[in-house]
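Okay, structure first, notes after.
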Amino acid sequence: MTTRCEWMITGMDCGSCAGKVRGAVERLPGVSEVDVALMAERLRLTLDEGLTSRATVETAIKRLGFGIAPKGVAAPRKSFVLPDDAVAAGADRGETDSLRDVPGRPGPSAKRDPSWYQTGKGRLVIGTGALLIAAWGINIVAPDGVAHLAFILATLIGVAPIAWRALNAARAGMPFTIEMLMTIAATGALVINAAEEAALVVFLFAVGEVLEGVAADKARDGIRALAQLVPKIALLETSGRTREVLAGSLTIGQTVLVRPGDRVPADGEVIEGVSGLDESPVTGESVPSLKEPGDAVFAGSINTEAALRVRVSKAAEDNTIARIIRLVEEAETARAPTERFIDRFSRIYMPGVVGVALLVAIVPPLTFAQAWDIWVYRALALLLIGCPCALVISVPASIASALSAGARRGLLMKGGAVIEAAARTTHVAFDKTGTLTLGRPRITDIVPFRGTEAEVLELAAGIEAGSSHPLAVAILSRAEANGVAPLPASGARALPGKGAEAMVAGASAWIGSPRFAESSGVFDDTARSRAAALEMEGKTVVAVFRAGLLVGLLALRDEPRPDAGDAVRQLKVLGVDAVMLTGDNGRTAAAISAILGMDHRAELMPGDKVAAIRQMAARGCVMMVGDGINDAPALAAAHVGVAMGSGTDVALETADAAMLRNRVTDVAGTIRLARAAMANIRQNVAIALGLKAVFLVTTVLGLTGLWLAILADTGATVLVTLNALRLLAFDPDKES
């Protein structure tokens with residue numbers, strides 16, 4: 001029987017590290033579906049424990065020099081998944097006895113990441129540096145022979161742990177690793193009497209590994225910071241009293257007090273109080289949002305004005321921040337096509353470099369009677385230059401930084417594949433209601449054909465009672481405002497693309513589009529003329545009717561979002577065409593699209609929207625923006641489906657991307673961020689390959705040696721990572 005297992009891995013600094021972990025476990029019997037996330041420091045796989053035990057998997061990882069612990073178990077560095085890190089902040093807030101007594105919760109055991117000099121690689125740098133200094137000191141005061149032995153000793157001691165890791169990787173079926181190349185280069189340098197340079201190369205290699213680790217940690221910090229947005233302590237109200245508890249221990253239905261200046265400890269609903277909440281930690285929206293009883297609030301939001309009492313609606317592992325973190329982590333699984341290509345390329349590239357180095361070592365001496373020591377030395381330098389670490393990490397480092405930068409501004413994209421597709425976007429298709437418009441239409445006209453306005457309204461409200469559709473909400477709100485009670489109804493159901501029906505007062509009744517009413521045979525010339533006149537004013541018209549009898553018409557208007565026009569303008573600047581796809585009538589669609597300055601297609605059924613998306617896809621890359629529910633087929637048909645909605649389950653978990661701020665301009669921001677990420681990736685690949693190409697040529701020509709070769713390798717990795725970190729500061733809202 002197979003089991004899905006998960007571990008946290010520490011010590012992975014670059015793409016080749018993740019490749020080693022993947023390679024080590026993929027060869028074990030009973031292991032399948034291996035997923036290694038470099039930035040999330042996570043290993044997931046499916047395991048048949050009858051063939052391989054969990055302990056065997058852990059041993060294989062430890063042999064490679066990485067730390068490993070099952071998810072949820074204390075490890076040198078924990079994951080930034082929020083539920084597992086929900087520990088008390090006793091050191092910061094003065095933990096109470098009640099906190100210590102919360103059942104089933106971890107104690108205050110959070111540890112800071114060790115400083116670089118406290119890690120194994122840091123100690124190797126210090127040790128090899130001390131040995132190198134000692135050897136140089138001996139070289140000054142002792143004869144050449146003694147100094148030579150000192151450099152040999154420094155090299156052997158420094159390369160020993162590297163060689164051990166290389167040997168374990170080779171045993172795991174991965175002979176072509178940077179550790180193996182480093183071991184061969186250092187040993188070869190000793191053989192050709194370049195002991196001083198060999199010792200220096202070992203030291204520089206150790207320094208480079210530490211720098212890679214520091215840079216990788218910096219790349220992870222942007223995502224880890226999300227976990228710190230939710231407070232560890234909550235003020236729980238029970239029996240009229242308030243006490244401090246762990247925020248992670250809150251359960252659905254409990255009530256918490258959020259004081260001015262406090263962060264909201266859980267997703268919930270305001271039950272008492274009125275205050276402005278700064279939701280920028282969650283959505284990136286800087287303007288505080290007014291919250292009143294009945295309004296939803298997000299964990300991590302900051303209360304800016306007055307005390308609020310909030311009823312918890314979601315457990316810690318399901319709150320908005322936790323789900324955002326999970327999405328950002330899991331986005332690494334959806335690797336970009338470029339990343340997959342580079343991964344395949346590196347598997348061929350590494351053996352190829354070894355083959356070229358071997359030819360460089362033997363062909364000139366055998367063919368042209370050149371000196372062996374010169375060409376062996378150059379071949380060893382080629383081995384060091386040939387490591388693909390910088391190339392392999394060039395894509396995931398940029399993707400991770402872009403995901404983190406987007407998440408902090410309410411823009412979520414599910415992985416590198418989505419980023420690549422978004423960067424290529426040439427057409428954006430928008431749903432109208434709730435996307436380009438506010439989604440809060442109001443009734444402007446009631447036109448009775450049978451009875452009074454109140455009778456039309458009470459029948460319409462009866463049919464729509466219980467519906468959450470924006471038009472239904474508008475009808476029910478108008479009925480309540482007019483003091484009209486909905487007629488009792490039963491068997492209500494939605495008719496996709498048409499309207500709704502129900503049994504009202506013992507007979508069937510319908511509410512729907514004029515086209516639906518026309519097909520039902522209840523429209524006459526007078527009704528058509530009145531509906532057309534209302535639609536010419538940019539209003540949406542719905543018909544209320546029974547079998548063979550038109551009761552009346554309702555006209556509603558849904559105003560465009562304030563930023564919708566600017567969003568269309570920004571898309572045009574980016575060279576992206578925008579079109580509105582709506583099931584609304586053509587006149588209303590034309591009025592709205594004219595205001596926004598975009599094309600439109602109206603009176604579309606769900607299947608028609610899919611067909612329109614496919615037509616556009618034949619001419620380019622299409623992004624579809626909708627509400628994540630009604631437009632699910634169109635979202636799935638597009639190259640990139642984007643859901644709008646502040647933290648809804650649908651917005652976070654169904655589409656390829658989500659915009660938490662409900663701002664239409666974020667569509668252009670998403671495209672700008674994706675294009676910046678792809679430009680960053682191209683820069684990284686150019687840095688990685690360019691430096692290697694230059695040093696390959698200079699090494700073969702004898703212009704550069706071993707120590708510059710190792711600098712070229714580790715330096716390129718650090719440069720690539722630092723370049724990727726620039727994306728953390730990228731502002732998608734800023735038009736370049």
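Lettering and numbering for the structure tokens are positional, with chains as A, B, ... in the shown order, residues counted from 1 in each chain, and ligands counted from 1 in the shown order.
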
* Asked: Which parts of range 395-594 of chain A does DSSP call alpha helix (DSSP H) when run on the backbone here, written out as JSON, numbers by chain?
  -> {"A": [395, 396, 397, 398, 399, 400, 401, 402, 403, 404, 405, 406, 407, 416, 417, 418, 419, 420, 421, 422, 423, 453, 454, 455, 456, 457, 458, 459, 460, 461, 462, 463, 464, 470, 471, 472, 473, 474, 475, 476, 477, 478, 479, 480, 481, 514, 515, 516, 517, 518, 519, 525, 526, 527, 528, 529, 530, 531, 532, 533, 534, 535, 536, 564, 565, 566, 567, 568, 569, 570, 571, 572, 573, 586, 587, 588, 589, 590, 591, 592, 593, 594]}

Residues of range 113-229 of chain A at most 6 Å from range 361-384 of chain A: nearest atom pair and distance in Å, only C-alpha atoms, as CSV:
residue,atom,partner,partner_atom,distance
A:Leu181,CA,A:Leu383,CA,5.9
A:Ala185,CA,A:Leu380,CA,4.9
A:Ile192,CA,A:Asp373,CA,5.8

* Tell me which of A:Ala500, A:Ala589, A:Ala688, A:Ala429 sits closest to Gly641 in chain A, counting only C-alpha atoms. =>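 Under the stated criterion, the closest residue is A:Ala429.
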
* To do: Within range 129-356 of chain A, find each residue whose DSSP state, derived from the backbone, is strand (DSSP E or B), and express the selection as an MDAnalysis selection string.
  => chainID A and resid 233:238 241:246 255:258 263 268:272 275:278 289:291 296:297 302:303 308:312

* Contact residues around Leu459 in chain A with only C-alpha atoms at 7 Å, ignoring same-chain residues under 4 positions, as a list in words ->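 My list of contacting residues is Glu455, Ile463, Pro486 and Leu487 of chain A.
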